[in-house]
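Colleague: After the structure tokens below, expect a handful of questions from me.
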Amino acid sequence: MKTPHLQIPQVFILGMLAVLMAMAFWAGIPLSGIMGDSLVRLVMNGVLVVSMIPMLNAGLGVNFGLPVGICAGLLGLCLAVNLRLTGLSGLFAAMAFSVPGGVLLGYLYGRLLHRVRGREEIAGTFVGFSFISVMNLFWAVAPFTNPSMLWPIGGKGLRPVIGLKGYFAKVLNHAWVVHLGDLAVPVGMLAFFAVLCLGLYAFFRTKTGAAVNAVGENEVFAGLSGVNVRRIRIAAVILSTVLAAWGICVYAQSYGFIELYSAPLMMAFPAASAIFLGGSLGHRTAVVQAVIGTFLFQTTYVISGPIANALLVPEVAEILRMILTNAIILYAMLYEGRRRRAQG
Amino acid sequence: MLTIRGLTKRFGAHAALKSVDLHVEAGEIHGLVGLNGSGKTTLFNILFAHPLIASTGGYAGEVMLDGDTAVLKEPTQAIARGIGMVHQEFALIPSMTVSENVTVRRERVFAATQVFGRSLALVDRRANRDRAGAVLMRLGIGLDPSVRVMDLTVNMRQFVEIAREVDRGDLKVLLLDEPTSALHAADTEKLFDALRSLAASGVSLLFVSHRLEEVTTLCDSVTVLRDGEVAGRFQGPGYDLVELSECMIGHGVTKARRNVSSAQGPEALRLRDFSVDMPGERISGIDLSVLRGEILGLAGLSGHGRPALGYGIMGMYAGSGRVYVGGEPVSPLSVGAMIARRVFFLPEERRFAGLLPDHSIMENIVFAAMQCRNAFLRAFPLKAIALVDRKEARRFAEECIERFDIKCTGVYQKVSELSGGNQQKVCIARALATNPEILVVSEPTRGVDIQAKETILNIFLDLNRDSRTTLIISSSEIDELIRVCHRIAVIHDGRVFDILDPTATETEFALAFSGERKVHA
Amino acid sequence: MRRVNAVPAVFLVLSGVALYYSDLSPAFVAGEVVTRFIRDGVMVLALVVPVTAGMGLNFAVTVGALAAQVGMVLAVDWGLQGGTGLLAITAMGLALSLVFGCIIGAVLNLVRGKEMIATMIIGFLATGLYQLVFMVGYGTFIKPTNREMMLSRGIGIRNMVDLEPFRNIMDRLWVVQAGPVEIPLFMVLVVLAFACVIAYLMNTPLGQQFKAVGEGYEKARMLGIDADAVRVKAIVLSTVLACLGHIIFTQNIGMLNVYTAHMNTDIFACAALLAGGASILRAHVGHALLGVLLFHSLFIVSPQAGQNIFANAALGEYFRTFVAYGTIAFALVMSTGKR
């Protein structure tokens, strides 16, 4: 293990956080609320972020095709709502329902990405985009029956936004909340996330996990050591896809709504940015780095909203997030490119 | 006229060229020969100002053209000084036509359209076609210049590559890197005629080839490089091929040899009519038998197929023929099947194929054994997701570090931080983790310092003696093969040319390397 | 040898089927297609050079579009009118796109092999910075002269800016009536002129260098071509053309959607180019011209066809988004090889 050293994105974001904190303090926004919110948002988005790790470590680059997995998750969520499942069991049922779709889609997506080796990122981006438009067609005609999911007029096709109130909205958020003074700590939610992360951490210490890392670093080595490179790459894609499906389940319950149609179109980008923010660039990404990255990213998100409102230009928060997201991704690409150039 | 004085090039601690002097007269065809790693490629890269040279710290010494020192930092500068190069891998643009390729950067344009400068003027395709056709005719090739290069045979591409250089009016020095490797005999003759007439027009030619007979036919004089130094200069015509080969291989001070006790025992590995289609290193129809407990050396010049054997056995390239391990045929060939039969292969490109530089020593050592033999795993019904037994892995890695004297801070150090010799030891350790009966090793001592070299060779000898491991060692260092092997197979032109005893004379090796039959006295 | 690219045929058949079911009059569709040809033609042409230079689809054409928008907002702010205004917009847009093109080119030289995803990210990043300037910067750091275009809170420009002074200045020139279809001949000629310029460029020594670098970066360097510089030139050219294309587009529309007009121009332009039979490794002017016609034919008729076939207009709408993304995804997946 090398001692982690800060890189420009981390320094930048820490500086920005410090400034934002100071402004929040000055504007009289309570910090405890911000902390509680950012813990919730950590888990809400964290599962989507860590879902990228298997593909990243298998050498497929950032999974800009995240919408593929998200759609599998949305399918699971819709099934659970259609069956009118409620509470934590409803959420877990949705996650379970999304597994078969995730595995199948992950397998097909993995095969597709194996065709386009070296160009996985851009191909994944557009496979994700076009898959969303295919799913748009599906949502518009899907034979779901629960009226609260369907367009109120005509009763055909799913609504763009399905409220989860009465089903499993925020069940994980509210599971075992501990109040420390003003700070509300969502212990249940954090514990759930911790278990998931530990599982992923353990996976990388198994035979297959080690093969994923090896394939990502050196395919010839892996091949000469008897690893079926293609199979391992596809396995990594399947794992990423299923985790992304779970990620949207957690996200939706936390948000309280299922957002269908084009809502997930751009979700891959903030997740990619978060992973670069915490990750040591150009090397294997550890689960803990993804978690730190998500936390930093989401804290800026939480904190910038009220400050922007206080400054009377509410859009600025969204714009800054957009700039931040893409600047970090671009920086990561430049860093990687320079590293490759230096190696000749 | 090209003069090189005291040319030295270092890559880190390793000196690829050490104070090389060379002089080529105008109109002279000068041959450059040497084994792998003797510095030919580096010399060419410097002369053609390959960007790699500048990015690795440049060179020391002087390159003079017609008496002026040339600054060589990027190809444009070399080209401006009249240096041209015929690349072994062809610098041709496949989807462009022959005439576009021949005239690239020197296209004729319609004068009337030059208002915005030459680079925005309209290309005169017919003029270029005529010019390219004329140049090809001068080379004795009747070829339609409007054909796309991708539709040409490799033979023809070679002539297009040369035509492009000849087309320049200002060519003074032409570097030719293995220009005949893709040619048939008849075309080689044609090429030589073209080169001779080019030389007659006053161009200096520097010719690299691994085919000694060609060098001796074509060149006015020959310089031999060995270990980055000039090992000898020969003046034609009428070269002594044996002397030339000996000079190339060198009379290394042969240290204590092994006690040659001919290996006995059953056949460990047998190749029958074995061909491997590895680009640039094809082997075809090899028959070879290796006995259990034997150390077999593989020698030969590059381009003749030596590296293809190991990759071929592991099924990494398409091929044909049969491979028997312990008398049993293996089909299809795959890494998994071979490791299961306790055959392991360590490739020559340590950093690119042999190691995971970013992983720890321990992870590298146990990886193959874990993947193929389910070793170092904790008990779990589903092996694919069984946890790695890190305690056991650590114990084994520590044992290896001690046994092979790997200099490191501990099992968790990244292998990229180790020296070449220690990396090689990690490679050997990871092979041993799979408990192999047959170990195929390629260039085990390349880029390794002298002391580590000794240790590595001793490891091989110990392995062979203590565990009766069969070893196939492929190396361009004939000295070390002589020291450790029972027999040495010399590969020439994709076949086993001869199998020599390590006690064979330098001359016998030299002859086999150049593909000459022994003159039986 | 070369595979026949079936994509244009597929577009032709799909458009034909959709046209049949849409019940739209062919004359109406033809008129619409001509309009789209004028609006989007140059933007699609802007993509040809980077593909030839081996950099793939340049999604950063949005940056060229942003340069044009900056010019327009400034022109409106300074109250410029008519032809002079249009010239000023063009001059500002060109200057900015030249600078941006150089920056993008330098960035892409660092991320060789991943140019396409990088251009996408660059597009998003530029959008963010642009929005920051005009939504937050205007009214705080930058003092507007034209109060009309500001939001009521005094900070930030309105979403919609009326381009009345410049609307259809060029579109009204030389309009000819071909039966029921109205054809603004001048603008059609302008687009064709751009096409000719690019076709010409491909036949100059510079064009040969684009091709050489596109086929093999390392090989081109061995031939003494400054490959990095050639790639920068390709991107600068593309960005400049995109800027000009976007000026033509917005003056035709007559309104500027300040914050969103440039969005998706890259997607539609790329899809159109590929619809014409280009691949991410090979494209020429013919692909671009044919592609605009085919892609927009399908685009115009599919919502109505969806309505008539499935009694659901939304389906046609989703279908055409799918066509845009799907065409690009298909091209990326199909053109394997190369590295």
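Labeling convention for the structure tokens: chains A, B, ... as they appear, residues from 1 per chain, ligands from 1 in order of appearance.
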Find the residues in chain C near chain B: any atom within 10 Å counts, using only C-alpha atoms. Write them as a PDB file with N, CA and C atoms, in the first residue's frame.

Modeller:
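selection07.pdb, freshly written:
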ATOM      1  N   MET C   1     -13.482  -7.061 -50.407  1.00  0.00           N
ATOM      2  CA  MET C   1     -12.659  -5.966 -49.878  1.00  0.00           C
ATOM      3  C   MET C   1     -13.480  -5.096 -48.934  1.00  0.00           C
ATOM      4  N   TYR C 200     -12.448  20.027 -51.806  1.00  0.00           N
ATOM      5  CA  TYR C 200     -11.204  20.567 -52.359  1.00  0.00           C
ATOM      6  C   TYR C 200     -10.051  20.345 -51.393  1.00  0.00           C
ATOM      7  N   LEU C 201     -10.320  20.664 -50.129  1.00  0.00           N
ATOM      8  CA  LEU C 201      -9.286  20.562 -49.104  1.00  0.00           C
ATOM      9  C   LEU C 201      -8.708  19.156 -49.025  1.00  0.00           C
ATOM     10  N   MET C 202      -9.568  18.176 -49.248  1.00  0.00           N
ATOM     11  CA  MET C 202      -9.109  16.790 -49.159  1.00  0.00           C
ATOM     12  C   MET C 202      -8.156  16.457 -50.306  1.00  0.00           C
ATOM     13  N   ASN C 203      -8.145  17.301 -51.316  1.00  0.00           N
ATOM     14  CA  ASN C 203      -7.261  17.063 -52.463  1.00  0.00           C
ATOM     15  C   ASN C 203      -6.064  17.998 -52.477  1.00  0.00           C
ATOM     16  N   THR C 204      -5.752  18.563 -51.336  1.00  0.00           N
ATOM     17  CA  THR C 204      -4.557  19.392 -51.240  1.00  0.00           C
ATOM     18  C   THR C 204      -3.502  18.617 -50.446  1.00  0.00           C
ATOM     19  N   PRO C 205      -2.284  19.086 -50.455  1.00  0.00           N
ATOM     20  CA  PRO C 205      -1.284  18.432 -49.606  1.00  0.00           C
ATOM     21  C   PRO C 205      -1.718  18.350 -48.149  1.00  0.00           C
ATOM     22  N   LEU C 206      -2.443  19.376 -47.672  1.00  0.00           N
ATOM     23  CA  LEU C 206      -2.936  19.319 -46.294  1.00  0.00           C
ATOM     24  C   LEU C 206      -3.910  18.159 -46.127  1.00  0.00           C
ATOM     25  N   GLY C 207      -4.789  18.002 -47.120  1.00  0.00           N
ATOM     26  CA  GLY C 207      -5.746  16.895 -47.075  1.00  0.00           C
ATOM     27  C   GLY C 207      -5.046  15.549 -47.046  1.00  0.00           C
ATOM     28  N   GLN C 208      -3.977  15.435 -47.816  1.00  0.00           N
ATOM     29  CA  GLN C 208      -3.210  14.188 -47.817  1.00  0.00           C
ATOM     30  C   GLN C 208      -2.630  13.921 -46.430  1.00  0.00           C
ATOM     31  N   GLN C 209      -2.222  15.007 -45.765  1.00  0.00           N
ATOM     32  CA  GLN C 209      -1.674  14.822 -44.419  1.00  0.00           C
ATOM     33  C   GLN C 209      -2.758  14.383 -43.447  1.00  0.00           C
ATOM     34  N   LYS C 211      -5.275  12.552 -44.172  1.00  0.00           N
ATOM     35  CA  LYS C 211      -5.483  11.125 -44.426  1.00  0.00           C
ATOM     36  C   LYS C 211      -4.347  10.299 -43.826  1.00  0.00           C
ATOM     37  N   ALA C 212      -3.126  10.756 -44.036  1.00  0.00           N
ATOM     38  CA  ALA C 212      -1.971   9.992 -43.554  1.00  0.00           C
ATOM     39  C   ALA C 212      -2.010   9.865 -42.034  1.00  0.00           C
ATOM     40  N   VAL C 213      -2.274  10.994 -41.360  1.00  0.00           N
ATOM     41  CA  VAL C 213      -2.320  10.959 -39.893  1.00  0.00           C
ATOM     42  C   VAL C 213      -3.484  10.080 -39.438  1.00  0.00           C
ATOM     43  N   GLY C 214      -4.595  10.157 -40.187  1.00  0.00           N
ATOM     44  CA  GLY C 214      -5.768   9.366 -39.816  1.00  0.00           C
ATOM     45  C   GLY C 214      -5.511   7.873 -39.898  1.00  0.00           C
ATOM     46  N   GLU C 215      -4.724   7.468 -40.850  1.00  0.00           N
ATOM     47  CA  GLU C 215      -4.469   6.036 -41.011  1.00  0.00           C
ATOM     48  C   GLU C 215      -3.444   5.516 -40.025  1.00  0.00           C
ATOM     49  N   GLY C 216      -2.498   6.365 -39.682  1.00  0.00           N
ATOM     50  CA  GLY C 216      -1.483   5.880 -38.764  1.00  0.00           C
ATOM     51  C   GLY C 216      -0.680   7.039 -38.223  1.00  0.00           C
ATOM     52  N   GLU C 218       1.686   7.111 -35.907  1.00  0.00           N
ATOM     53  CA  GLU C 218       3.129   6.872 -35.825  1.00  0.00           C
ATOM     54  C   GLU C 218       3.769   6.870 -37.216  1.00  0.00           C
ATOM     55  N   LYS C 219       3.078   6.232 -38.163  1.00  0.00           N
ATOM     56  CA  LYS C 219       3.612   6.180 -39.518  1.00  0.00           C
ATOM     57  C   LYS C 219       3.771   7.578 -40.080  1.00  0.00           C
ATOM     58  N   ALA C 220       2.745   8.405 -39.868  1.00  0.00           N
ATOM     59  CA  ALA C 220       2.814   9.769 -40.383  1.00  0.00           C
ATOM     60  C   ALA C 220       4.011  10.495 -39.798  1.00  0.00           C
ATOM     61  N   ARG C 221       4.284  10.257 -38.528  1.00  0.00           N
ATOM     62  CA  ARG C 221       5.443  10.917 -37.917  1.00  0.00           C
ATOM     63  C   ARG C 221       6.733  10.425 -38.562  1.00  0.00           C
ATOM     64  N   MET C 222       6.779   9.143 -38.878  1.00  0.00           N
ATOM     65  CA  MET C 222       7.968   8.599 -39.520  1.00  0.00           C
ATOM     66  C   MET C 222       8.159   9.191 -40.917  1.00  0.00           C
ATOM     67  N   LEU C 223       7.061   9.653 -41.508  1.00  0.00           N
ATOM     68  CA  LEU C 223       7.160  10.265 -42.827  1.00  0.00           C
ATOM     69  C   LEU C 223       7.535  11.738 -42.717  1.00  0.00           C
ATOM     70  N   GLY C 224       7.755  12.191 -41.509  1.00  0.00           N
ATOM     71  CA  GLY C 224       8.153  13.581 -41.335  1.00  0.00           C
ATOM     72  C   GLY C 224       6.988  14.540 -41.230  1.00  0.00           C
ATOM     73  N   ILE C 225       5.783  14.011 -41.017  1.00  0.00           N
ATOM     74  CA  ILE C 225       4.624  14.885 -40.844  1.00  0.00           C
ATOM     75  C   ILE C 225       4.488  15.212 -39.360  1.00  0.00           C
ATOM     76  N   ASP C 226       4.252  16.482 -39.058  1.00  0.00           N
ATOM     77  CA  ASP C 226       4.025  16.863 -37.659  1.00  0.00           C
ATOM     78  C   ASP C 226       2.585  16.487 -37.315  1.00  0.00           C
TER      79      ASP C 226
END

Colleague: Looking only at the backbone, which of the residues in segment 29-250 of chain C does DSSP tag as strand (DSSP E), as a list in words?

Modeller: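 Here are the strand (DSSP E) residues of segment 29-250 of chain C: Met160, Val161, Asp162, Val175, Val176, Gln177, Ala178, Val181, Glu182, Ile183 and Pro184 of chain C.
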
Colleague: Those same residues - C-alpha atoms - I'd like them written as a PDB file, in the first residue's frame.

Modeller:
ATOM      1  CA  MET C 160     -34.985  33.142 -25.129  1.00  0.00           C
ATOM      2  CA  VAL C 161     -33.402  35.988 -27.027  1.00  0.00           C
ATOM      3  CA  ASP C 162     -35.209  37.275 -30.065  1.00  0.00           C
ATOM      4  CA  VAL C 175     -36.066  31.789 -53.233  1.00  0.00           C
ATOM      5  CA  VAL C 176     -37.354  29.683 -56.075  1.00  0.00           C
ATOM      6  CA  GLN C 177     -40.630  27.811 -56.244  1.00  0.00           C
ATOM      7  CA  ALA C 178     -40.231  24.216 -57.395  1.00  0.00           C
ATOM      8  CA  VAL C 181     -41.823  23.311 -52.607  1.00  0.00           C
ATOM      9  CA  GLU C 182     -40.113  26.556 -51.768  1.00  0.00           C
ATOM     10  CA  ILE C 183     -36.342  26.395 -52.144  1.00  0.00           C
ATOM     11  CA  PRO C 184     -34.072  29.140 -50.813  1.00  0.00           C
TER      12      PRO C 184
END

Colleague: So which residues touch Leu164 of chain A within 9 Å, counting only C-alpha atoms, skipping near sequence neighbours fewer than 6 positions away, as number ranges by chain?

Modeller: A: 81, 170, 252-253, 255-258

Colleague: What's the 10 Å shell around Ile292 of chain A, counting only C-alpha atoms, without same-chain residues fewer than 2 positions away, as a list in words?

Modeller: Leu42, Gly46, Ala274, Ile275, Leu277, Gly278, Gly279, Val287, Val288, Gln289, Ala290, Thr294, Phe295, Leu296, Phe297 and Gln298 of chain A

Colleague: Near Ala126 of chain C, counting only C-alpha atoms, which residues have an atom at most 7 Å away, once you skip same-chain residues fewer than 4 positions from it, shown as JSON, numbers by chain?

Modeller: {"C": [63, 122, 130]}

Colleague: Selected residues, N, CA and C atoms, written as a PDB file, in the first residue's frame, please.

Modeller:
ATOM      1  N   VAL C  63     -18.928  23.128 -29.015  1.00  0.00           N
ATOM      2  CA  VAL C  63     -18.125  24.283 -28.602  1.00  0.00           C
ATOM      3  C   VAL C  63     -18.124  25.338 -29.708  1.00  0.00           C
ATOM      4  N   ILE C 122     -15.633  17.485 -23.097  1.00  0.00           N
ATOM      5  CA  ILE C 122     -15.283  18.880 -23.360  1.00  0.00           C
ATOM      6  C   ILE C 122     -16.550  19.673 -23.677  1.00  0.00           C
ATOM      7  N   TYR C 130     -20.117  28.168 -20.121  1.00  0.00           N
ATOM      8  CA  TYR C 130     -20.924  29.118 -20.882  1.00  0.00           C
ATOM      9  C   TYR C 130     -22.130  29.562 -20.061  1.00  0.00           C
TER      10      TYR C 130
END

Colleague: In Å, rounded to a single decimal, give me how far atom CA of Gly154 of chain C is from atom CA of Gly123 of chain C.

Modeller: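 According to the coordinates, atom CA of Gly123 of chain C and atom CA of Gly154 of chain C are separated by 27.8 Å.
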
Colleague: Contacts from chain A to chain B, 9 Å maximum, only C-alpha atoms: show me the residue list as a list in words.

Modeller: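 Per the criterion, chain A yields Met1, Ala202, Phe203, Phe204, Arg205, Thr206, Lys207, Thr208, Gly209, Ala210, Ala211, Asn213, Ala214, Glu217, Asn218, Glu219, Val220, Phe221, Ala222, Gly223, Leu224, Ser225, Gly226, Val227, Asn228, His283, Arg284, Ala342 and Gly344 of chain A.
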